[in-house]
Amino acid sequence: MNRDLKQLQAQLGIFFRDPQILKQAFTHSSYVNENRIANHKDNERLEFLGDAVLELTVSQFLFEAHPLCSEGELTKLRASIVCEPSLVLFAEDLEFGNYVLLGKGEEITGGRTRPALLADIFEAFIGALYLDQGLDAVKAFLQTYLFPKISGDGKPQIIDYKTILQEHTQQHSLGILEYRIVDERGPAHEKEFVSEVLMDAALLGRGSGRSKKEAEQQAAAQALLKMNVKVP
């Protein structure tokens, strides 16, 4: 196991029983493809698992923290927490990008700070922690490093990305925003919408959600991330 990941464990106060699964969580597919190391796996499967574990643990936290919220309010709040822009912020706070194993091509093109990669690393870490130490360890990690950032004063702090984006573009006279639904997927009872936000016909962001409004919010969040606009 490399020294960096030992430092990360010391920094987090979490020590993995299986160091290899932690290494896998921080291994990008470009590294495996370039090096072709026997039995060395990338983090894509862990990312898949971590996404599900994160949704479950965040849902339980919100369910318990906000007993007066409706299902719709809880769904919106969860979406603002587990969306890519939020996961990127969590990964950046923990400096996860410094520990990723990347292929040379990905490194040269700035992959270490690429938002999608950072969000995937965060989910993969959650998946690895779950497999190594169980759900209680994941909850403890989130209680220390994630939940304090979202609990606020005990009331749901739903981030209105569309309003923030609108105010930013107006303040700086950047152009006219337009939202459009470009795809609808899934059966009627589990419909998923895909939205794009454009500024003067140029694509700024793309997002998905279980409603058109949620998809537009996620598209706006992507646009803000792309524009390096700080979200309160």
# chains A, B, ... in the order shown; residues from 1 in each chain; ligands from 1
call {"tool": "closest_atom_pairs", "arguments": {"of": "segment 49-164 of chain A", "to": "segment 12-28 of chain A", "cutoff": "9 Å", "atoms": "only C-alpha atoms", "output": "tab-separated table"}}
result
residue	atom	partner	partner_atom	distance
A:Leu94	CA	A:Leu12	CA	8.5
A:Phe96	CA	A:Phe26	CA	8.3
A:Gly97	CA	A:Phe26	CA	8.8
A:Tyr99	CA	A:Phe26	CA	6.6
A:Val100	CA	A:Phe26	CA	4.8
A:Leu101	CA	A:Thr27	CA	4.8
A:Leu102	CA	A:His28	CA	5.6
A:Gly103	CA	A:His28	CA	7.6
A:Leu117	CA	A:His28	CA	8.3
A:Ile121	CA	A:Phe26	CA	6.2
A:Phe122	CA	A:Ala25	CA	8.5
A:Glu123	CA	A:Ala25	CA	8.6
A:Ala124	CA	A:Ala25	CA	5.0
A:Phe125	CA	A:Ala25	CA	5.3
A:Ile126	CA	A:Ala25	CA	8.6
A:Gly127	CA	A:Ala25	CA	7.9
A:Ala128	CA	A:Ile21	CA	5.9
A:Leu129	CA	A:Phe16	CA	7.6
A:Leu131	CA	A:Ile21	CA	8.4
A:Asp132	CA	A:Arg17	CA	6.4
A:Gln133	CA	A:Phe16	CA	7.7
A:Ala137	CA	A:Ile14	CA	8.9
A:Phe141	CA	A:Ile14	CA	8.5
call {"tool": "select_by_dssp", "arguments": {"residues": "segment 12-231 of chain A", "states": "helix (DSSP H, G or I)", "output": "ChimeraX atom specification"}}
result
/A:12,19-25,29-35,44-65,71-82,84-93,96-99,104-108,111-113,115-133,135-145,147-150,161-171,188-190,212-226
call {"tool": "residues_around", "arguments": {"residues": "Arg78 of chain A", "least_positions_apart": "3", "cutoff": "7 Å", "atoms": "only C-alpha atoms", "output": "list of chain:residue names"}}
result
A:Val58, A:Ser59, A:Leu74, A:Thr75, A:Ile81, A:Val82
call {"tool": "closest_residue", "arguments": {"among": "A:Val138, A:Leu68, A:Ile181, A:Leu146", "to": "Leu87 of chain A", "atoms": "only C-alpha atoms"}}
result
A:Leu146
call {"tool": "residues_around", "arguments": {"residues": "Lys212 of chain A", "least_positions_apart": "2", "cutoff": "9 Å", "atoms": "only C-alpha atoms", "output": "ChimeraX atom specification"}}
result
/A:181,192-195,208-210,214-217
call {"tool": "write_last_selection", "arguments": {"atoms": "N, CA, C and O atoms", "output": "short mmCIF file (atom, residue, chain, number, x, y, z; two decimals), in the first residue's frame"}}
result
data_model
loop_
_atom_site.label_atom_id
_atom_site.label_comp_id
_atom_site.auth_asym_id
_atom_site.auth_seq_id
_atom_site.Cartn_x
_atom_site.Cartn_y
_atom_site.Cartn_z
N ILE A 181 -35.83 20.22 -21.78
CA ILE A 181 -35.84 18.80 -21.46
C ILE A 181 -35.45 18.05 -22.74
O ILE A 181 -36.13 18.17 -23.76
N GLU A 192 -37.58 9.40 -15.39
CA GLU A 192 -36.39 10.24 -15.16
C GLU A 192 -36.27 11.21 -16.33
O GLU A 192 -36.35 10.83 -17.49
N PHE A 193 -36.09 12.48 -15.99
CA PHE A 193 -35.99 13.53 -16.99
C PHE A 193 -34.54 14.01 -17.09
O PHE A 193 -33.82 14.03 -16.09
N VAL A 194 -34.14 14.39 -18.28
CA VAL A 194 -32.81 14.94 -18.52
C VAL A 194 -32.97 16.35 -19.07
O VAL A 194 -33.69 16.57 -20.05
N SER A 195 -32.31 17.30 -18.41
CA SER A 195 -32.43 18.71 -18.80
C SER A 195 -31.07 19.29 -19.15
O SER A 195 -30.04 18.87 -18.62
N SER A 208 -30.13 15.40 -14.44
CA SER A 208 -31.27 14.50 -14.50
C SER A 208 -31.97 14.47 -13.15
O SER A 208 -31.39 14.79 -12.11
N GLY A 209 -33.25 14.07 -13.16
CA GLY A 209 -34.01 14.00 -11.93
C GLY A 209 -35.35 13.35 -12.17
O GLY A 209 -35.75 13.08 -13.32
N ARG A 210 -36.07 13.10 -11.09
CA ARG A 210 -37.35 12.42 -11.21
C ARG A 210 -38.48 13.37 -11.56
O ARG A 210 -39.62 12.94 -11.74
N GLU A 214 -36.46 19.10 -10.91
CA GLU A 214 -35.25 18.56 -10.31
C GLU A 214 -34.14 18.45 -11.36
O GLU A 214 -32.97 18.75 -11.08
N ALA A 215 -34.50 18.03 -12.57
CA ALA A 215 -33.52 17.91 -13.64
C ALA A 215 -32.93 19.28 -13.97
O ALA A 215 -31.72 19.42 -14.21
N GLU A 216 -33.77 20.30 -13.99
CA GLU A 216 -33.29 21.65 -14.28
C GLU A 216 -32.37 22.15 -13.17
O GLU A 216 -31.37 22.82 -13.43
N GLN A 217 -32.70 21.83 -11.92
CA GLN A 217 -31.84 22.22 -10.80
C GLN A 217 -30.46 21.58 -10.93
O GLN A 217 -29.43 22.23 -10.69
#
call {"tool": "closest_residue", "arguments": {"among": "A:Glu178, A:Glu196, A:Glu84, A:Glu106", "to": "Ala119 of chain A", "atoms": "only C-alpha atoms"}}
result
A:Glu84
call {"tool": "closest_residue", "arguments": {"among": "A:Gly175, A:Gly134, A:Pro85, A:Pro67", "to": "Ala116 of chain A", "atoms": "only C-alpha atoms"}}
result
A:Pro85
call {"tool": "select_by_dssp", "arguments": {"residues": "segment 16-215 of chain A", "states": "strand (DSSP E)", "output": "list in words"}}
result
Leu177, Glu178, Tyr179, Arg180, Ile181, Val182, Asp183, Glu184, Arg185, Glu192, Phe193, Val194, Ser195, Glu196, Val197, Leu198, Met199, Ala202, Leu203, Leu204, Gly205, Arg206, Gly207, Ser208 and Gly209 of chain A
call {"tool": "write_last_selection", "arguments": {"atoms": "N, CA and C atoms", "output": "CSV table (one decimal), in the first residue's frame"}}
result
chain,number,residue,atom,x,y,z
A,177,LEU,N,-30.3,32.8,-20.3
A,177,LEU,CA,-30.4,31.3,-20.0
A,177,LEU,C,-31.7,30.7,-20.6
A,178,GLU,N,-31.5,29.5,-21.0
A,178,GLU,CA,-32.6,28.7,-21.5
A,178,GLU,C,-32.5,27.2,-21.0
A,179,TYR,N,-33.6,26.7,-20.5
A,179,TYR,CA,-33.7,25.3,-20.1
A,179,TYR,C,-34.5,24.5,-21.0
A,180,ARG,N,-34.1,23.3,-21.3
A,180,ARG,CA,-34.9,22.4,-22.2
A,180,ARG,C,-34.7,21.0,-21.7
A,181,ILE,N,-35.8,20.2,-21.8
A,181,ILE,CA,-35.8,18.8,-21.5
A,181,ILE,C,-35.4,18.1,-22.7
A,182,VAL,N,-34.4,17.3,-22.7
A,182,VAL,CA,-33.8,16.6,-23.9
A,182,VAL,C,-34.1,15.1,-23.9
A,183,ASP,N,-34.5,14.6,-22.8
A,183,ASP,CA,-34.8,13.1,-22.7
A,183,ASP,C,-35.7,12.8,-21.6
A,184,GLU,N,-36.5,11.7,-21.8
A,184,GLU,CA,-37.3,11.1,-20.7
A,184,GLU,C,-37.1,9.6,-20.7
A,185,ARG,N,-36.7,9.1,-19.6
A,185,ARG,CA,-36.4,7.7,-19.5
A,185,ARG,C,-37.2,7.0,-18.4
A,192,GLU,N,-37.6,9.4,-15.4
A,192,GLU,CA,-36.4,10.2,-15.2
A,192,GLU,C,-36.3,11.2,-16.3
A,193,PHE,N,-36.1,12.5,-16.0
A,193,PHE,CA,-36.0,13.5,-17.0
A,193,PHE,C,-34.5,14.0,-17.1
A,194,VAL,N,-34.1,14.4,-18.3
A,194,VAL,CA,-32.8,14.9,-18.5
A,194,VAL,C,-33.0,16.3,-19.1
A,195,SER,N,-32.3,17.3,-18.4
A,195,SER,CA,-32.4,18.7,-18.8
A,195,SER,C,-31.1,19.3,-19.1
A,196,GLU,N,-31.1,20.2,-20.0
A,196,GLU,CA,-29.9,21.0,-20.4
A,196,GLU,C,-30.2,22.5,-20.1
A,197,VAL,N,-29.2,23.2,-19.7
A,197,VAL,CA,-29.3,24.7,-19.6
A,197,VAL,C,-28.3,25.3,-20.5
A,198,LEU,N,-28.7,26.2,-21.3
A,198,LEU,CA,-27.9,26.9,-22.3
A,198,LEU,C,-27.9,28.4,-22.0
A,199,MET,N,-26.8,29.0,-22.4
A,199,MET,CA,-26.7,30.5,-22.4
A,199,MET,C,-26.3,31.0,-23.8
A,202,ALA,N,-25.3,28.2,-26.1
A,202,ALA,CA,-24.1,27.4,-25.7
A,202,ALA,C,-24.5,26.5,-24.5
A,203,LEU,N,-24.1,25.3,-24.6
A,203,LEU,CA,-24.5,24.3,-23.5
A,203,LEU,C,-23.6,24.7,-22.3
A,204,LEU,N,-24.3,24.9,-21.1
A,204,LEU,CA,-23.6,25.1,-19.9
A,204,LEU,C,-23.6,23.9,-18.9
A,205,GLY,N,-24.7,23.2,-18.9
A,205,GLY,CA,-24.8,22.1,-17.9
A,205,GLY,C,-25.9,21.2,-18.3
A,206,ARG,N,-25.8,20.0,-17.7
A,206,ARG,CA,-26.8,18.9,-18.0
A,206,ARG,C,-27.1,18.2,-16.7
A,207,GLY,N,-28.3,17.9,-16.5
A,207,GLY,CA,-28.7,17.2,-15.2
A,207,GLY,C,-29.9,16.3,-15.4
A,208,SER,N,-30.1,15.4,-14.4
A,208,SER,CA,-31.3,14.5,-14.5
A,208,SER,C,-32.0,14.5,-13.1
A,209,GLY,N,-33.2,14.1,-13.2
A,209,GLY,CA,-34.0,14.0,-11.9
A,209,GLY,C,-35.4,13.3,-12.2
call {"tool": "atom_distance", "arguments": {"atom1": "atom CA of Ser211 of chain A", "atom2": "atom CA of Ser70 of chain A"}}
result
16.0 Å
call {"tool": "closest_residue", "arguments": {"among": "A:Ala219, A:Leu5, A:Lys191, A:Asp120", "to": "Leu49 of chain A", "atoms": "only C-alpha atoms"}}
result
A:Asp120
call {"tool": "atom_distance", "arguments": {"atom1": "atom CA of Asn33 of chain A", "atom2": "atom CA of Gln11 of chain A"}}
result
29.6 Å
call {"tool": "closest_residue", "arguments": {"among": "A:Val229, A:Ala140, A:Leu118, A:Ala201", "to": "Leu165 of chain A", "atoms": "only C-alpha atoms"}}
result
A:Val229
call {"tool": "closest_residue", "arguments": {"among": "A:Ile150, A:Ala52, A:Ala10, A:Ile108", "to": "Leu77 of chain A", "atoms": "only C-alpha atoms"}}
result
A:Ile150
call {"tool": "atom_distance", "arguments": {"atom1": "atom CA of Ala65 of chain A", "atom2": "atom CA of Phe147 of chain A"}}
result
10.3 Å
call {"tool": "decode", "arguments": {"residues": "segment 159-194 of chain A", "atoms": "N, CA, C and O atoms", "output": "PDB file, in the first residue's frame"}}
result
ATOM      1  N   ILE A 159     -30.797  24.046  -1.721  1.00  0.00           N
ATOM      2  CA  ILE A 159     -30.079  25.014  -2.534  1.00  0.00           C
ATOM      3  C   ILE A 159     -30.821  25.220  -3.854  1.00  0.00           C
ATOM      4  O   ILE A 159     -31.092  24.268  -4.578  1.00  0.00           O
ATOM      5  N   ASP A 160     -31.149  26.461  -4.159  1.00  0.00           N
ATOM      6  CA  ASP A 160     -31.828  26.787  -5.406  1.00  0.00           C
ATOM      7  C   ASP A 160     -30.774  27.172  -6.440  1.00  0.00           C
ATOM      8  O   ASP A 160     -30.420  28.337  -6.608  1.00  0.00           O
ATOM      9  N   TYR A 161     -30.257  26.149  -7.126  1.00  0.00           N
ATOM     10  CA  TYR A 161     -29.183  26.381  -8.087  1.00  0.00           C
ATOM     11  C   TYR A 161     -29.626  27.268  -9.243  1.00  0.00           C
ATOM     12  O   TYR A 161     -28.848  28.064  -9.760  1.00  0.00           O
ATOM     13  N   LYS A 162     -30.885  27.141  -9.653  1.00  0.00           N
ATOM     14  CA  LYS A 162     -31.374  27.934 -10.777  1.00  0.00           C
ATOM     15  C   LYS A 162     -31.353  29.428 -10.448  1.00  0.00           C
ATOM     16  O   LYS A 162     -30.947  30.250 -11.279  1.00  0.00           O
ATOM     17  N   THR A 163     -31.770  29.768  -9.247  1.00  0.00           N
ATOM     18  CA  THR A 163     -31.778  31.179  -8.850  1.00  0.00           C
ATOM     19  C   THR A 163     -30.353  31.724  -8.755  1.00  0.00           C
ATOM     20  O   THR A 163     -30.067  32.842  -9.195  1.00  0.00           O
ATOM     21  N   ILE A 164     -29.454  30.923  -8.183  1.00  0.00           N
ATOM     22  CA  ILE A 164     -28.058  31.355  -8.060  1.00  0.00           C
ATOM     23  C   ILE A 164     -27.454  31.588  -9.443  1.00  0.00           C
ATOM     24  O   ILE A 164     -26.767  32.591  -9.676  1.00  0.00           O
ATOM     25  N   LEU A 165     -27.734  30.664 -10.365  1.00  0.00           N
ATOM     26  CA  LEU A 165     -27.210  30.807 -11.726  1.00  0.00           C
ATOM     27  C   LEU A 165     -27.806  32.029 -12.416  1.00  0.00           C
ATOM     28  O   LEU A 165     -27.093  32.794 -13.078  1.00  0.00           O
ATOM     29  N   GLN A 166     -29.110  32.236 -12.242  1.00  0.00           N
ATOM     30  CA  GLN A 166     -29.770  33.388 -12.853  1.00  0.00           C
ATOM     31  C   GLN A 166     -29.186  34.695 -12.336  1.00  0.00           C
ATOM     32  O   GLN A 166     -28.890  35.618 -13.109  1.00  0.00           O
ATOM     33  N   GLU A 167     -29.003  34.781 -11.028  1.00  0.00           N
ATOM     34  CA  GLU A 167     -28.460  36.005 -10.424  1.00  0.00           C
ATOM     35  C   GLU A 167     -27.030  36.257 -10.890  1.00  0.00           C
ATOM     36  O   GLU A 167     -26.641  37.400 -11.140  1.00  0.00           O
ATOM     37  N   HIS A 168     -26.244  35.193 -11.019  1.00  0.00           N
ATOM     38  CA  HIS A 168     -24.853  35.345 -11.446  1.00  0.00           C
ATOM     39  C   HIS A 168     -24.777  35.842 -12.889  1.00  0.00           C
ATOM     40  O   HIS A 168     -24.001  36.759 -13.208  1.00  0.00           O
ATOM     41  N   THR A 169     -25.580  35.245 -13.753  1.00  0.00           N
ATOM     42  CA  THR A 169     -25.528  35.647 -15.160  1.00  0.00           C
ATOM     43  C   THR A 169     -26.045  37.072 -15.361  1.00  0.00           C
ATOM     44  O   THR A 169     -25.518  37.822 -16.187  1.00  0.00           O
ATOM     45  N   GLN A 170     -27.064  37.453 -14.592  1.00  0.00           N
ATOM     46  CA  GLN A 170     -27.585  38.819 -14.694  1.00  0.00           C
ATOM     47  C   GLN A 170     -26.597  39.839 -14.148  1.00  0.00           C
ATOM     48  O   GLN A 170     -26.382  40.900 -14.738  1.00  0.00           O
ATOM     49  N   GLN A 171     -25.996  39.497 -13.011  1.00  0.00           N
ATOM     50  CA  GLN A 171     -25.055  40.415 -12.368  1.00  0.00           C
ATOM     51  C   GLN A 171     -23.871  40.725 -13.266  1.00  0.00           C
ATOM     52  O   GLN A 171     -23.361  41.839 -13.287  1.00  0.00           O
ATOM     53  N   HIS A 172     -23.427  39.713 -14.026  1.00  0.00           N
ATOM     54  CA  HIS A 172     -22.247  39.893 -14.869  1.00  0.00           C
ATOM     55  C   HIS A 172     -22.601  40.061 -16.352  1.00  0.00           C
ATOM     56  O   HIS A 172     -21.707  40.051 -17.198  1.00  0.00           O
ATOM     57  N   SER A 173     -23.909  40.207 -16.638  1.00  0.00           N
ATOM     58  CA  SER A 173     -24.376  40.425 -18.018  1.00  0.00           C
ATOM     59  C   SER A 173     -23.791  39.389 -18.974  1.00  0.00           C
ATOM     60  O   SER A 173     -23.232  39.717 -20.032  1.00  0.00           O
ATOM     61  N   LEU A 174     -23.922  38.116 -18.606  1.00  0.00           N
ATOM     62  CA  LEU A 174     -23.294  37.046 -19.379  1.00  0.00           C
ATOM     63  C   LEU A 174     -24.137  36.578 -20.560  1.00  0.00           C
ATOM     64  O   LEU A 174     -23.599  36.072 -21.538  1.00  0.00           O
ATOM     65  N   GLY A 175     -25.452  36.701 -20.451  1.00  0.00           N
ATOM     66  CA  GLY A 175     -26.293  36.239 -21.540  1.00  0.00           C
ATOM     67  C   GLY A 175     -27.641  35.751 -21.040  1.00  0.00           C
ATOM     68  O   GLY A 175     -27.980  35.892 -19.857  1.00  0.00           O
ATOM     69  N   ILE A 176     -28.414  35.153 -21.945  1.00  0.00           N
ATOM     70  CA  ILE A 176     -29.761  34.699 -21.637  1.00  0.00           C
ATOM     71  C   ILE A 176     -29.766  33.185 -21.431  1.00  0.00           C
ATOM     72  O   ILE A 176     -29.245  32.432 -22.258  1.00  0.00           O
ATOM     73  N   LEU A 177     -30.349  32.767 -20.316  1.00  0.00           N
ATOM     74  CA  LEU A 177     -30.423  31.347 -19.991  1.00  0.00           C
ATOM     75  C   LEU A 177     -31.666  30.707 -20.596  1.00  0.00           C
ATOM     76  O   LEU A 177     -32.733  31.324 -20.655  1.00  0.00           O
ATOM     77  N   GLU A 178     -31.518  29.455 -20.982  1.00  0.00           N
ATOM     78  CA  GLU A 178     -32.645  28.688 -21.506  1.00  0.00           C
ATOM     79  C   GLU A 178     -32.529  27.245 -21.019  1.00  0.00           C
ATOM     80  O   GLU A 178     -31.456  26.640 -21.085  1.00  0.00           O
ATOM     81  N   TYR A 179     -33.626  26.697 -20.492  1.00  0.00           N
ATOM     82  CA  TYR A 179     -33.660  25.310 -20.050  1.00  0.00           C
ATOM     83  C   TYR A 179     -34.508  24.503 -21.038  1.00  0.00           C
ATOM     84  O   TYR A 179     -35.542  24.971 -21.516  1.00  0.00           O
ATOM     85  N   ARG A 180     -34.076  23.271 -21.298  1.00  0.00           N
ATOM     86  CA  ARG A 180     -34.862  22.409 -22.161  1.00  0.00           C
ATOM     87  C   ARG A 180     -34.728  20.960 -21.709  1.00  0.00           C
ATOM     88  O   ARG A 180     -33.655  20.533 -21.280  1.00  0.00           O
ATOM     89  N   ILE A 181     -35.833  20.224 -21.778  1.00  0.00           N
ATOM     90  CA  ILE A 181     -35.837  18.800 -21.465  1.00  0.00           C
ATOM     91  C   ILE A 181     -35.450  18.053 -22.739  1.00  0.00           C
ATOM     92  O   ILE A 181     -36.127  18.173 -23.763  1.00  0.00           O
ATOM     93  N   VAL A 182     -34.368  17.294 -22.677  1.00  0.00           N
ATOM     94  CA  VAL A 182     -33.843  16.639 -23.879  1.00  0.00           C
ATOM     95  C   VAL A 182     -34.089  15.135 -23.895  1.00  0.00           C
ATOM     96  O   VAL A 182     -33.880  14.489 -24.916  1.00  0.00           O
ATOM     97  N   ASP A 183     -34.540  14.574 -22.762  1.00  0.00           N
ATOM     98  CA  ASP A 183     -34.772  13.129 -22.743  1.00  0.00           C
ATOM     99  C   ASP A 183     -35.678  12.765 -21.580  1.00  0.00           C
ATOM    100  O   ASP A 183     -35.690  13.456 -20.552  1.00  0.00           O
ATOM    101  N   GLU A 184     -36.473  11.718 -21.769  1.00  0.00           N
ATOM    102  CA  GLU A 184     -37.299  11.136 -20.713  1.00  0.00           C
ATOM    103  C   GLU A 184     -37.063   9.636 -20.737  1.00  0.00           C
ATOM    104  O   GLU A 184     -37.157   9.009 -21.792  1.00  0.00           O
ATOM    105  N   ARG A 185     -36.745   9.078 -19.553  1.00  0.00           N
ATOM    106  CA  ARG A 185     -36.398   7.658 -19.497  1.00  0.00           C
ATOM    107  C   ARG A 185     -37.221   6.960 -18.419  1.00  0.00           C
ATOM    108  O   ARG A 185     -37.652   7.573 -17.465  1.00  0.00           O
ATOM    109  N   GLY A 186     -37.387   5.653 -18.594  1.00  0.00           N
ATOM    110  CA  GLY A 186     -38.014   4.831 -17.567  1.00  0.00           C
ATOM    111  C   GLY A 186     -39.523   4.763 -17.685  1.00  0.00           C
ATOM    112  O   GLY A 186     -40.152   5.521 -18.431  1.00  0.00           O
ATOM    113  N   PRO A 187     -40.140   3.837 -16.906  1.00  0.00           N
ATOM    114  CA  PRO A 187     -41.599   3.692 -16.918  1.00  0.00           C
ATOM    115  C   PRO A 187     -42.281   4.902 -16.285  1.00  0.00           C
ATOM    116  O   PRO A 187     -41.644   5.710 -15.609  1.00  0.00           O
ATOM    117  N   ALA A 188     -43.586   5.007 -16.492  1.00  0.00           N
ATOM    118  CA  ALA A 188     -44.338   6.184 -16.043  1.00  0.00           C
ATOM    119  C   ALA A 188     -44.213   6.424 -14.541  1.00  0.00           C
ATOM    120  O   ALA A 188     -44.130   7.571 -14.095  1.00  0.00           O
ATOM    121  N   HIS A 189     -44.175   5.345 -13.760  1.00  0.00           N
ATOM    122  CA  HIS A 189     -44.135   5.516 -12.307  1.00  0.00           C
ATOM    123  C   HIS A 189     -42.724   5.802 -11.781  1.00  0.00           C
ATOM    124  O   HIS A 189     -42.554   6.138 -10.612  1.00  0.00           O
ATOM    125  N   GLU A 190     -41.700   5.649 -12.642  1.00  0.00           N
ATOM    126  CA  GLU A 190     -40.323   5.948 -12.240  1.00  0.00           C
ATOM    127  C   GLU A 190     -39.620   6.748 -13.341  1.00  0.00           C
ATOM    128  O   GLU A 190     -38.501   6.460 -13.728  1.00  0.00           O
ATOM    129  N   LYS A 191     -40.305   7.741 -13.826  1.00  0.00           N
ATOM    130  CA  LYS A 191     -39.793   8.546 -14.927  1.00  0.00           C
ATOM    131  C   LYS A 191     -38.561   9.348 -14.499  1.00  0.00           C
ATOM    132  O   LYS A 191     -38.498   9.867 -13.389  1.00  0.00           O
ATOM    133  N   GLU A 192     -37.576   9.403 -15.386  1.00  0.00           N
ATOM    134  CA  GLU A 192     -36.392  10.237 -15.164  1.00  0.00           C
ATOM    135  C   GLU A 192     -36.270  11.214 -16.327  1.00  0.00           C
ATOM    136  O   GLU A 192     -36.350  10.827 -17.492  1.00  0.00           O
ATOM    137  N   PHE A 193     -36.092  12.484 -15.992  1.00  0.00           N
ATOM    138  CA  PHE A 193     -35.987  13.526 -16.993  1.00  0.00           C
ATOM    139  C   PHE A 193     -34.542  14.012 -17.089  1.00  0.00           C
ATOM    140  O   PHE A 193     -33.820  14.031 -16.089  1.00  0.00           O
ATOM    141  N   VAL A 194     -34.144  14.392 -18.285  1.00  0.00           N
ATOM    142  CA  VAL A 194     -32.807  14.940 -18.515  1.00  0.00           C
ATOM    143  C   VAL A 194     -32.967  16.348 -19.068  1.00  0.00           C
ATOM    144  O   VAL A 194     -33.690  16.566 -20.048  1.00  0.00           O
TER     145      VAL A 194
END
